[in-house]
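Trainee: This is start.txt (compact mmCIF, C-alpha atoms and all ligand atoms).
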# COMPACT_ATOMS: atom_id res chain seq x y z
CA MET F 1 10.31 6.16 -15.21
CA LYS F 2 12.61 5.57 -12.23
CA LEU F 3 10.16 3.28 -10.43
CA ASP F 4 9.16 1.07 -13.38
CA ASN F 5 9.51 -2.61 -12.45
CA SER F 6 10.96 -1.78 -9.05
CA VAL F 7 10.08 -3.71 -5.89
CA PHE F 8 9.19 -2.05 -2.58
CA ILE F 9 8.29 -3.66 0.75
CA ILE F 10 5.63 -1.74 2.70
CA THR F 11 5.19 -2.50 6.39
CA GLY F 12 1.86 -1.77 8.05
CA ALA F 13 0.15 -2.15 4.67
CA SER F 14 -3.11 -3.43 6.15
CA SER F 15 -4.53 0.05 6.84
CA GLY F 16 -4.05 3.83 6.78
CA ILE F 17 -0.87 5.29 5.34
CA GLY F 18 0.65 1.92 4.44
CA LYS F 19 -2.41 0.86 2.46
CA ALA F 20 -2.63 4.18 0.60
CA THR F 21 1.09 4.01 -0.20
CA ALA F 22 0.76 0.48 -1.55
CA LEU F 23 -2.09 1.59 -3.85
CA LYS F 24 -0.14 4.65 -5.03
CA LEU F 25 3.06 2.73 -5.77
CA ALA F 26 1.27 -0.20 -7.43
CA LYS F 27 -0.57 2.24 -9.69
CA ASN F 28 2.84 3.55 -10.75
CA ASN F 29 4.33 0.22 -11.83
CA VAL F 30 5.96 -0.78 -8.55
CA SER F 31 5.62 -4.41 -7.46
CA VAL F 32 4.59 -4.04 -3.84
CA VAL F 33 5.18 -6.46 -0.99
CA LEU F 34 2.36 -6.02 1.51
CA THR F 35 3.23 -6.87 5.07
CA ALA F 36 1.45 -6.55 8.44
CA ARG F 37 -0.17 -9.02 10.85
CA ARG F 38 -3.78 -8.96 9.54
CA GLU F 39 -3.65 -11.31 6.57
CA GLU F 40 -7.26 -10.89 5.49
CA LYS F 41 -6.84 -7.13 5.01
CA LEU F 42 -3.61 -7.65 3.07
CA GLU F 43 -5.27 -10.22 0.77
CA LYS F 44 -8.14 -7.81 0.10
CA LEU F 45 -5.66 -5.07 -0.78
CA LYS F 46 -3.72 -7.43 -3.06
CA ASP F 47 -6.99 -8.25 -4.89
CA GLU F 48 -7.73 -4.54 -5.32
CA ILE F 49 -4.23 -3.87 -6.68
CA GLU F 50 -4.39 -6.81 -9.08
CA ARG F 51 -7.87 -5.81 -10.30
CA ASN F 52 -6.33 -2.46 -11.25
CA GLY F 53 -3.51 -4.16 -13.18
CA GLY F 54 -0.80 -3.89 -10.48
CA LYS F 55 1.44 -6.51 -8.87
CA ALA F 56 1.39 -7.40 -5.16
CA LEU F 57 2.71 -10.11 -2.87
CA VAL F 58 1.36 -10.71 0.65
CA VAL F 59 3.74 -11.85 3.39
CA THR F 60 2.41 -11.58 6.94
CA ALA F 61 4.95 -10.42 9.50
CA ASP F 62 5.28 -8.91 12.93
CA VAL F 63 7.91 -6.18 12.56
CA THR F 64 9.24 -6.86 16.06
CA LYS F 65 10.41 -10.31 14.94
CA LYS F 66 13.64 -10.50 12.95
CA GLU F 67 12.75 -13.97 11.65
CA ASP F 68 9.51 -12.60 10.18
CA PHE F 69 11.48 -9.99 8.24
CA GLU F 70 13.85 -12.71 6.99
CA LYS F 71 10.75 -14.49 5.66
CA VAL F 72 9.54 -11.27 3.97
CA VAL F 73 12.89 -10.80 2.25
CA SER F 74 13.29 -14.42 1.14
CA LYS F 75 9.73 -14.59 -0.26
CA THR F 76 10.24 -11.25 -2.03
CA LEU F 77 13.47 -12.42 -3.66
CA GLU F 78 11.84 -15.73 -4.62
CA GLU F 79 8.95 -13.91 -6.32
CA TYR F 80 10.55 -10.76 -7.73
CA LYS F 81 14.34 -11.52 -7.66
CA THR F 82 15.25 -8.10 -6.25
CA ILE F 83 14.33 -5.40 -3.72
CA ASN F 84 14.65 -1.68 -4.43
CA GLY F 85 13.37 -0.25 -1.19
CA ILE F 86 11.27 -0.39 1.93
CA ILE F 87 8.65 1.88 3.47
CA ASN F 88 9.07 1.31 7.22
CA ASN F 89 5.59 2.47 8.15
CA ALA F 90 4.20 0.06 10.79
CA GLY F 91 3.58 1.88 14.06
CA LEU F 92 1.38 2.26 17.10
CA MET F 93 0.34 5.24 19.23
CA PRO F 94 -1.23 4.16 22.54
CA LEU F 95 -0.92 7.61 24.12
CA SER F 96 -0.97 7.76 27.92
CA TYR F 97 0.09 10.00 30.76
CA ILE F 98 3.38 8.84 32.28
CA LYS F 99 1.89 8.81 35.81
CA ASN F 100 -0.53 6.07 34.69
CA LEU F 101 2.49 3.79 34.13
CA LYS F 102 1.23 1.87 31.13
CA THR F 103 4.65 0.28 30.91
CA ASP F 104 3.55 -2.60 28.66
CA GLU F 105 2.35 -0.05 26.11
CA TRP F 106 5.63 1.88 26.38
CA GLU F 107 7.48 -1.33 25.61
CA THR F 108 5.25 -2.18 22.64
CA MET F 109 5.81 1.30 21.17
CA VAL F 110 9.58 0.95 21.51
CA ASP F 111 9.45 -2.54 19.98
CA VAL F 112 7.22 -1.67 17.01
CA ASN F 113 8.08 1.98 16.31
CA ILE F 114 11.85 1.77 16.80
CA LYS F 115 12.99 -1.86 16.69
CA GLY F 116 10.54 -2.56 13.85
CA VAL F 117 12.32 0.05 11.72
CA LEU F 118 15.77 -1.29 12.65
CA ASN F 119 14.67 -4.83 11.79
CA GLY F 120 13.33 -3.70 8.41
CA VAL F 121 16.56 -1.93 7.55
CA ALA F 122 18.72 -4.86 8.67
CA ALA F 123 16.68 -7.31 6.61
CA ILE F 124 16.94 -5.51 3.26
CA LEU F 125 20.29 -3.76 3.50
CA PRO F 126 22.45 -6.61 2.12
CA THR F 127 20.29 -6.63 -1.04
CA LEU F 128 20.42 -2.84 -1.47
CA ILE F 129 24.19 -2.80 -0.96
CA LYS F 130 24.55 -5.61 -3.52
CA ASN F 131 22.36 -3.60 -5.93
CA LYS F 132 24.44 -0.43 -5.27
CA GLY F 133 21.28 1.61 -4.68
CA GLY F 134 17.75 1.81 -3.41
CA HIS F 135 15.55 3.86 -1.12
CA ILE F 136 14.63 3.54 2.55
CA VAL F 137 11.64 5.57 3.74
CA ASN F 138 10.95 5.70 7.47
CA ILE F 139 7.67 7.08 8.78
CA SER F 140 8.48 9.34 11.70
CA SER F 141 6.06 12.09 12.76
CA THR F 142 5.81 15.77 13.61
CA ALA F 143 5.86 14.22 17.12
CA ALA F 144 9.62 13.85 16.62
CA TYR F 145 9.82 17.63 17.11
CA LYS F 146 6.77 18.54 19.19
CA TYR F 147 5.68 16.93 22.46
CA PHE F 148 1.92 16.74 23.04
CA PRO F 149 0.10 15.59 26.21
CA GLY F 150 0.24 11.82 26.63
CA GLY F 151 2.84 11.52 23.91
CA ALA F 152 6.11 11.34 25.86
CA VAL F 153 6.99 7.79 24.81
CA TYR F 154 5.44 8.03 21.33
CA CYS F 155 7.28 11.30 20.62
CA ALA F 156 10.52 9.72 21.86
CA THR F 157 10.11 6.76 19.49
CA LYS F 158 9.47 9.05 16.53
CA ALA F 159 12.46 11.26 17.43
CA ALA F 160 14.54 8.08 17.45
CA VAL F 161 13.29 7.17 13.97
CA LYS F 162 14.11 10.64 12.71
CA MET F 163 17.66 10.61 14.03
CA PHE F 164 18.25 7.01 12.92
CA SER F 165 17.16 8.04 9.42
CA GLU F 166 19.73 10.83 9.33
CA GLY F 167 22.47 8.45 10.48
CA LEU F 168 21.43 5.97 7.82
CA ARG F 169 21.48 8.66 5.15
CA GLN F 170 24.96 9.81 6.08
CA GLU F 171 26.33 6.26 6.13
CA LEU F 172 24.50 4.89 3.09
CA ALA F 173 23.77 7.62 0.56
CA PRO F 174 27.28 8.83 -0.29
CA LYS F 175 28.94 5.42 -0.25
CA TYR F 176 26.28 3.03 -1.54
CA GLY F 177 23.82 5.24 -3.44
CA ILE F 178 21.03 4.30 -1.04
CA ASN F 179 18.78 7.31 -0.43
CA VAL F 180 16.98 7.72 2.89
CA THR F 181 13.88 9.78 3.68
CA SER F 182 12.11 10.48 6.94
CA ILE F 183 8.43 11.40 6.54
CA GLU F 184 6.96 13.50 9.35
CA PRO F 185 3.18 13.76 9.17
CA GLY F 186 0.91 15.71 11.49
CA ALA F 187 -2.54 14.27 12.22
CA VAL F 188 -3.78 11.83 9.59
CA SER F 189 -7.19 10.23 9.69
CA THR F 190 -6.43 6.47 10.20
CA GLU F 191 -6.91 3.69 12.77
CA LEU F 192 -3.91 4.99 14.77
CA LEU F 193 -5.96 6.31 17.70
CA ASP F 194 -7.68 2.93 18.20
CA THR F 195 -4.88 1.58 20.42
CA ILE F 196 -5.35 4.26 23.13
CA THR F 197 -6.53 2.77 26.44
CA ASP F 198 -5.78 5.64 28.85
CA LYS F 199 -9.23 6.97 29.87
CA GLU F 200 -7.91 10.49 30.60
CA ILE F 201 -6.53 10.71 27.06
CA LEU F 202 -9.67 9.27 25.47
CA GLU F 203 -11.78 11.97 27.15
CA LYS F 204 -9.67 14.64 25.44
CA MET F 205 -9.66 13.06 21.98
CA SER F 206 -12.86 14.79 20.84
CA VAL F 207 -10.88 18.01 20.12
CA MET F 208 -8.65 16.12 17.69
CA LYS F 209 -11.65 14.46 16.08
CA GLU F 210 -13.20 17.86 15.25
CA MET F 211 -10.16 18.99 13.23
CA THR F 212 -9.85 18.43 9.48
CA THR F 213 -6.86 16.12 9.33
CA LEU F 214 -4.66 14.90 6.49
CA GLU F 215 -5.71 11.87 4.47
CA SER F 216 -3.47 8.81 4.08
CA GLU F 217 -3.26 9.59 0.35
CA ASP F 218 -1.57 12.92 1.17
CA ILE F 219 1.26 11.01 2.85
CA ALA F 220 1.40 8.45 0.03
CA ASP F 221 1.88 11.37 -2.40
CA ALA F 222 4.77 12.71 -0.29
CA ILE F 223 6.44 9.29 -0.24
CA TYR F 224 6.00 9.01 -3.99
CA TYR F 225 7.58 12.45 -4.47
CA ALA F 226 10.59 11.47 -2.34
CA ILE F 227 11.28 8.19 -4.11
CA THR F 228 10.84 9.48 -7.66
CA GLN F 229 13.54 12.15 -7.48
CA PRO F 230 16.72 11.68 -9.53
CA GLU F 231 19.33 9.60 -7.69
CA ARG F 232 21.49 12.70 -7.03
CA VAL F 233 18.62 14.15 -4.95
CA ASN F 234 18.06 12.91 -1.40
CA ILE F 235 14.87 14.24 0.16
CA ASN F 236 15.90 14.01 3.81
CA ASP F 237 12.65 15.06 5.47
CA VAL F 238 9.09 15.74 4.47
CA TYR F 239 7.23 17.56 7.28
CA ILE F 240 3.51 17.80 6.53
CA MET F 241 0.81 19.38 8.70
CA PRO F 242 -2.94 19.64 8.25
CA SER F 243 -3.72 23.32 7.64
CA GLU F 244 -5.88 23.41 10.78
CA GLN F 245 -3.33 21.82 13.15
CA GLN F 246 -1.49 24.12 15.59
P1 LIG F 301 -2.86 2.59 11.26
O1 LIG F 301 -3.22 2.17 12.64
O2 LIG F 301 -3.93 2.72 10.25
O3 LIG F 301 -1.74 1.62 10.67
C1 LIG F 301 -0.73 1.04 11.46
C2 LIG F 301 -0.19 -0.16 10.72
O4 LIG F 301 0.88 -0.73 11.48
C3 LIG F 301 -1.22 -1.25 10.51
O5 LIG F 301 -1.16 -1.69 9.17
C4 LIG F 301 -0.79 -2.36 11.45
O6 LIG F 301 -1.06 -3.63 10.86
C5 LIG F 301 0.74 -2.14 11.50
N1 LIG F 301 1.34 -2.71 12.68
C6 LIG F 301 1.16 -2.37 13.97
N2 LIG F 301 1.88 -3.17 14.78
C7 LIG F 301 2.55 -4.04 13.96
C8 LIG F 301 3.45 -5.11 14.18
N3 LIG F 301 3.85 -5.48 15.41
N4 LIG F 301 3.92 -5.77 13.10
C9 LIG F 301 3.55 -5.44 11.86
N5 LIG F 301 2.69 -4.44 11.58
C10 LIG F 301 2.20 -3.75 12.63
O7 LIG F 301 -2.09 3.97 11.44
P2 LIG F 301 -1.33 4.95 10.43
O8 LIG F 301 -1.52 4.54 9.04
O9 LIG F 301 -1.69 6.30 10.85
O10 LIG F 301 0.18 4.71 10.89
C11 LIG F 301 1.24 4.44 10.01
C12 LIG F 301 2.49 5.13 10.52
O11 LIG F 301 2.32 6.55 10.44
C13 LIG F 301 2.83 4.84 11.98
O12 LIG F 301 4.21 4.63 12.10
C14 LIG F 301 2.42 6.12 12.70
O13 LIG F 301 3.13 6.31 13.88
C15 LIG F 301 2.76 7.14 11.63
N6 LIG F 301 2.11 8.43 11.79
C16 LIG F 301 0.73 8.52 11.80
C17 LIG F 301 0.11 9.73 12.01
C18 LIG F 301 -1.38 9.85 12.12
O14 LIG F 301 -1.87 10.91 12.56
N7 LIG F 301 -2.16 8.84 11.72
C19 LIG F 301 0.89 10.96 12.16
C20 LIG F 301 2.31 10.77 12.10
C21 LIG F 301 2.87 9.55 11.92
P3 LIG F 301 -1.56 -4.96 11.62
O15 LIG F 301 -2.38 -4.53 12.80
O16 LIG F 301 -2.35 -5.69 10.57
O17 LIG F 301 -0.30 -5.67 11.98
Now that the file is in, can you turn its structure into structure tokens?
Mentor:
Amino acid sequence: MKLDNSVFIITGASSGIGKATALKLAKNNVSVVLTARREEKLEKLKDEIERNGGKALVVTADVTKKEDFEKVVSKTLEEYKTINGIINNAGLMPLSYIKNLKTDEWETMVDVNIKGVLNGVAAILPTLIKNKGGHIVNISSTAAYKYFPGGAVYCATKAAVKMFSEGLRQELAPKYGINVTSIEPGAVSTELLDTITDKEILEKMSVMKEMTTLESEDIADAIYYAITQPERVNINDVYIMPSEQQ
């Protein structure tokens, strides 16, 4: 199998989509590097993976810090000797109306959702180029295409991730054999809404909570599909909506 004995770094592995992806890949013989800021959650996940016969390494990191990513890469190479890919998944969605000027939250979204992805790519690219292959998966969103109330900055960050992914693919896939995929989920039931502080948005959230959303495992399955294709196949985008979402 293509993924046997491969090594993937997963950012935002402490919950939601990142956690489900780590479990899915580990179950399929990938050595996973679990990274996020909440160490306790990562250690619990590592225990679960190892109990099921998988391999996992925990390296805490804040994706906004380049030096943290350097630590992730050096510890990964120390432990597993190589890196075959990264799932740039860490992200935040503190939705707010622009008029409420939650500028600190705008900045955090730009730092985590965009710069976090750039930092992840920069950290592992020398290894992938040396290996003449690998896979970069960036978690964008259907928000890259569709604005929704309170989502102006979030949607902009996800559109940036989508377009960056296409640039990466064009520069890396033909020349270096590094495939690139942008995953664009609709609503998934995770902790993502917990960072919202804008009261006007919170009052409207009940509508979203009534809908049957996607599960994190649905996205993990899509990621698995993208990275298990033959090397000649680059899955550029996977756009996935819950059946009930408009
Ligand atoms: P969660 O809130 O469950 O997970 C977010 C993850 O990001 C956590 O593991 C968190 O870990 C990590 N994270 C946040 N900030 C940082 C940081 N500065 N450094 C390192 N890690 C960080 O949400 P989801 O699983 O839903 O989100 C995963 C991705 O999916 C995000 O990029 C999100 O935008 C995207 N997405 C989600 C959708 C949804 O409806 N849920 C829809 C479309 C896209 P920790 O706090 O431990 O650092």
Trainee: Excluding Lys99 in chain F and residues on its chain fewer than 4 positions from it, collect all residues at most 12 Å away from it, counting only C-alpha atoms, and give them as a count of residues only.
Mentor: 6
Trainee: Go through F:Glu48, F:Asp111, F:Glu40, F:Asp237 and flag the residue nearest Asp62 in chain F, using all atoms listed in the file for the distances.
Mentor: F:Asp111
Trainee: Please identify all protein, DNA and RNA residues within 6 Å of ligand LIG 301 (chain F), counting all atoms listed in the file, and report them as number ranges by chain.
Mentor: F: 12-18, 36-38, 61-64, 89-92, 112, 139-141, 185-192
Trainee: Let me make sure I understand: among F:Thr212, F:Asp104, F:Gln229, F:Ala220, which one has the smallest atom-to-atom distance to Ser243 in chain F if we use only C-alpha atoms?
Mentor: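 Distance minimum relative to Ser243 in chain F lands on F:Thr212.
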Trainee: From the set F:Leu168, F:Ile10, F:Ile235, F:Leu23, which residue has the shortest atom-to-atom contact distance to Ser216 in chain F, counting all atoms listed in the file?
Mentor: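 The closest residue to Ser216 in chain F is F:Leu23.
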Trainee: Please provide the set of residues having any atom within 12 Å of Glu184 in chain F, restricted to all atoms listed in the file, with same-chain residues fewer than 5 positions apart removed, written as a compact mmCIF listing (two decimals) with C-alpha atoms, in the coordinates of the input.
Mentor:
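Resulting contents of selection_19.txt:
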# COMPACT_ATOMS: atom_id res chain seq x y z
CA ASN F 89 5.59 2.47 8.15
CA VAL F 137 11.64 5.57 3.74
CA ASN F 138 10.95 5.70 7.47
CA ILE F 139 7.67 7.08 8.78
CA SER F 140 8.48 9.34 11.70
CA SER F 141 6.06 12.09 12.76
CA THR F 142 5.81 15.77 13.61
CA ALA F 143 5.86 14.22 17.12
CA ALA F 144 9.62 13.85 16.62
CA TYR F 145 9.82 17.63 17.11
CA LYS F 146 6.77 18.54 19.19
CA CYS F 155 7.28 11.30 20.62
CA LYS F 158 9.47 9.05 16.53
CA ALA F 159 12.46 11.26 17.43
CA VAL F 161 13.29 7.17 13.97
CA LYS F 162 14.11 10.64 12.71
CA SER F 165 17.16 8.04 9.42
CA ASP F 218 -1.57 12.92 1.17
CA ILE F 219 1.26 11.01 2.85
CA ALA F 220 1.40 8.45 0.03
CA ALA F 222 4.77 12.71 -0.29
CA ILE F 223 6.44 9.29 -0.24
CA ASN F 236 15.90 14.01 3.81
CA ASP F 237 12.65 15.06 5.47
CA VAL F 238 9.09 15.74 4.47
CA TYR F 239 7.23 17.56 7.28
CA ILE F 240 3.51 17.80 6.53
CA MET F 241 0.81 19.38 8.70
CA PRO F 242 -2.94 19.64 8.25
Trainee: Could you check which of F:Met163, F:Leu77, F:Ile183, F:Leu202 is closest to Tyr225 in chain F, using all atoms listed in the file?
Mentor: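 That would be F:Ile183, the residue with the smallest distance to Tyr225 in chain F.
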Trainee: Could you check the closest approach to Val121 in chain F for each of F:Ala26, F:Leu172, F:Val153, F:Val58 and tell me which residue wins, using all atoms listed in the file?
Mentor: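 Using all atoms listed in the file, Val121 in chain F sits closest to F:Leu172.
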Trainee: Saving range 162-188 of chain F with N, CA, C and O atoms, as a PDB file, in the first residue's frame, what would that file be?
Mentor:
ATOM      1  N   LYS F 162      -7.034  28.201  -0.217  1.00  0.00           N
ATOM      2  CA  LYS F 162      -7.401  27.513  -1.452  1.00  0.00           C
ATOM      3  C   LYS F 162      -6.490  27.939  -2.600  1.00  0.00           C
ATOM      4  O   LYS F 162      -5.948  27.109  -3.324  1.00  0.00           O
ATOM      5  N   MET F 163      -6.308  29.243  -2.751  1.00  0.00           N
ATOM      6  CA  MET F 163      -5.481  29.728  -3.861  1.00  0.00           C
ATOM      7  C   MET F 163      -3.999  29.406  -3.647  1.00  0.00           C
ATOM      8  O   MET F 163      -3.291  29.050  -4.595  1.00  0.00           O
ATOM      9  N   PHE F 164      -3.550  29.469  -2.397  1.00  0.00           N
ATOM     10  CA  PHE F 164      -2.153  29.086  -2.104  1.00  0.00           C
ATOM     11  C   PHE F 164      -1.927  27.613  -2.485  1.00  0.00           C
ATOM     12  O   PHE F 164      -0.890  27.259  -3.050  1.00  0.00           O
ATOM     13  N   SER F 165      -2.922  26.783  -2.205  1.00  0.00           N
ATOM     14  CA  SER F 165      -2.802  25.353  -2.513  1.00  0.00           C
ATOM     15  C   SER F 165      -2.645  25.142  -4.013  1.00  0.00           C
ATOM     16  O   SER F 165      -1.852  24.301  -4.461  1.00  0.00           O
ATOM     17  N   GLU F 166      -3.394  25.894  -4.792  1.00  0.00           N
ATOM     18  CA  GLU F 166      -3.295  25.748  -6.251  1.00  0.00           C
ATOM     19  C   GLU F 166      -1.917  26.216  -6.751  1.00  0.00           C
ATOM     20  O   GLU F 166      -1.311  25.585  -7.619  1.00  0.00           O
ATOM     21  N   GLY F 167      -1.419  27.293  -6.173  1.00  0.00           N
ATOM     22  CA  GLY F 167      -0.069  27.758  -6.541  1.00  0.00           C
ATOM     23  C   GLY F 167       0.979  26.715  -6.185  1.00  0.00           C
ATOM     24  O   GLY F 167       1.893  26.418  -6.976  1.00  0.00           O
ATOM     25  N   LEU F 168       0.832  26.154  -4.997  1.00  0.00           N
ATOM     26  CA  LEU F 168       1.761  25.108  -4.552  1.00  0.00           C
ATOM     27  C   LEU F 168       1.745  23.941  -5.533  1.00  0.00           C
ATOM     28  O   LEU F 168       2.786  23.422  -5.910  1.00  0.00           O
ATOM     29  N   ARG F 169       0.518  23.508  -5.873  1.00  0.00           N
ATOM     30  CA  ARG F 169       0.383  22.352  -6.765  1.00  0.00           C
ATOM     31  C   ARG F 169       1.095  22.616  -8.090  1.00  0.00           C
ATOM     32  O   ARG F 169       1.851  21.787  -8.575  1.00  0.00           O
ATOM     33  N   GLN F 170       0.860  23.804  -8.643  1.00  0.00           N
ATOM     34  CA  GLN F 170       1.455  24.084  -9.948  1.00  0.00           C
ATOM     35  C   GLN F 170       2.981  24.147  -9.878  1.00  0.00           C
ATOM     36  O   GLN F 170       3.674  23.763 -10.798  1.00  0.00           O
ATOM     37  N   GLU F 171       3.505  24.651  -8.740  1.00  0.00           N
ATOM     38  CA  GLU F 171       4.965  24.755  -8.628  1.00  0.00           C
ATOM     39  C   GLU F 171       5.618  23.441  -8.217  1.00  0.00           C
ATOM     40  O   GLU F 171       6.762  23.181  -8.567  1.00  0.00           O
ATOM     41  N   LEU F 172       4.896  22.626  -7.438  1.00  0.00           N
ATOM     42  CA  LEU F 172       5.551  21.449  -6.846  1.00  0.00           C
ATOM     43  C   LEU F 172       5.244  20.126  -7.524  1.00  0.00           C
ATOM     44  O   LEU F 172       6.110  19.256  -7.596  1.00  0.00           O
ATOM     45  N   ALA F 173       3.999  19.957  -7.982  1.00  0.00           N
ATOM     46  CA  ALA F 173       3.629  18.618  -8.478  1.00  0.00           C
ATOM     47  C   ALA F 173       4.406  18.223  -9.743  1.00  0.00           C
ATOM     48  O   ALA F 173       5.026  17.159  -9.772  1.00  0.00           O
ATOM     49  N   PRO F 174       4.405  19.091 -10.782  1.00  0.00           N
ATOM     50  CA  PRO F 174       5.086  18.648 -12.004  1.00  0.00           C
ATOM     51  C   PRO F 174       6.599  18.480 -11.821  1.00  0.00           C
ATOM     52  O   PRO F 174       7.196  17.578 -12.366  1.00  0.00           O
ATOM     53  N   LYS F 175       7.207  19.362 -11.049  1.00  0.00           N
ATOM     54  CA  LYS F 175       8.670  19.381 -10.988  1.00  0.00           C
ATOM     55  C   LYS F 175       9.244  18.458  -9.912  1.00  0.00           C
ATOM     56  O   LYS F 175      10.314  17.891 -10.067  1.00  0.00           O
ATOM     57  N   TYR F 176       8.530  18.354  -8.784  1.00  0.00           N
ATOM     58  CA  TYR F 176       9.108  17.613  -7.646  1.00  0.00           C
ATOM     59  C   TYR F 176       8.286  16.396  -7.238  1.00  0.00           C
ATOM     60  O   TYR F 176       8.628  15.725  -6.259  1.00  0.00           O
ATOM     61  N   GLY F 177       7.186  16.133  -7.935  1.00  0.00           N
ATOM     62  CA  GLY F 177       6.364  14.970  -7.574  1.00  0.00           C
ATOM     63  C   GLY F 177       5.664  15.117  -6.237  1.00  0.00           C
ATOM     64  O   GLY F 177       5.308  14.132  -5.589  1.00  0.00           O
ATOM     65  N   ILE F 178       5.481  16.370  -5.812  1.00  0.00           N
ATOM     66  CA  ILE F 178       4.791  16.599  -4.529  1.00  0.00           C
ATOM     67  C   ILE F 178       3.339  16.967  -4.841  1.00  0.00           C
ATOM     68  O   ILE F 178       3.068  18.015  -5.438  1.00  0.00           O
ATOM     69  N   ASN F 179       2.411  16.108  -4.466  1.00  0.00           N
ATOM     70  CA  ASN F 179       0.998  16.373  -4.735  1.00  0.00           C
ATOM     71  C   ASN F 179       0.407  17.291  -3.666  1.00  0.00           C
ATOM     72  O   ASN F 179       0.859  17.292  -2.520  1.00  0.00           O
ATOM     73  N   VAL F 180      -0.588  18.067  -4.084  1.00  0.00           N
ATOM     74  CA  VAL F 180      -1.183  19.056  -3.171  1.00  0.00           C
ATOM     75  C   VAL F 180      -2.704  18.983  -3.281  1.00  0.00           C
ATOM     76  O   VAL F 180      -3.259  18.994  -4.386  1.00  0.00           O
ATOM     77  N   THR F 181      -3.367  18.923  -2.133  1.00  0.00           N
ATOM     78  CA  THR F 181      -4.830  18.841  -2.108  1.00  0.00           C
ATOM     79  C   THR F 181      -5.397  19.886  -1.166  1.00  0.00           C
ATOM     80  O   THR F 181      -4.899  20.065  -0.048  1.00  0.00           O
ATOM     81  N   SER F 182      -6.447  20.551  -1.622  1.00  0.00           N
ATOM     82  CA  SER F 182      -7.197  21.454  -0.751  1.00  0.00           C
ATOM     83  C   SER F 182      -8.522  20.771  -0.418  1.00  0.00           C
ATOM     84  O   SER F 182      -9.248  20.338  -1.324  1.00  0.00           O
ATOM     85  N   ILE F 183      -8.816  20.647   0.876  1.00  0.00           N
ATOM     86  CA  ILE F 183     -10.072  20.027   1.301  1.00  0.00           C
ATOM     87  C   ILE F 183     -11.027  21.151   1.702  1.00  0.00           C
ATOM     88  O   ILE F 183     -10.640  22.047   2.477  1.00  0.00           O
ATOM     89  N   GLU F 184     -12.247  21.098   1.180  1.00  0.00           N
ATOM     90  CA  GLU F 184     -13.199  22.183   1.444  1.00  0.00           C
ATOM     91  C   GLU F 184     -14.485  21.649   2.056  1.00  0.00           C
ATOM     92  O   GLU F 184     -15.458  21.366   1.355  1.00  0.00           O
ATOM     93  N   PRO F 185     -14.488  21.495   3.391  1.00  0.00           N
ATOM     94  CA  PRO F 185     -15.697  20.980   4.038  1.00  0.00           C
ATOM     95  C   PRO F 185     -16.734  22.069   4.274  1.00  0.00           C
ATOM     96  O   PRO F 185     -16.399  23.237   4.489  1.00  0.00           O
ATOM     97  N   GLY F 186     -18.018  21.637   4.260  1.00  0.00           N
ATOM     98  CA  GLY F 186     -19.095  22.472   4.803  1.00  0.00           C
ATOM     99  C   GLY F 186     -19.104  22.264   6.315  1.00  0.00           C
ATOM    100  O   GLY F 186     -18.069  21.932   6.905  1.00  0.00           O
ATOM    101  N   ALA F 187     -20.271  22.420   6.933  1.00  0.00           N
ATOM    102  CA  ALA F 187     -20.321  22.364   8.408  1.00  0.00           C
ATOM    103  C   ALA F 187     -20.001  20.964   8.948  1.00  0.00           C
ATOM    104  O   ALA F 187     -20.594  19.977   8.525  1.00  0.00           O
ATOM    105  N   VAL F 188     -19.050  20.930   9.860  1.00  0.00           N
ATOM    106  CA  VAL F 188     -18.651  19.682  10.515  1.00  0.00           C
ATOM    107  C   VAL F 188     -18.827  19.887  12.016  1.00  0.00           C
ATOM    108  O   VAL F 188     -18.494  20.957  12.545  1.00  0.00           O
TER     109      VAL F 188
END
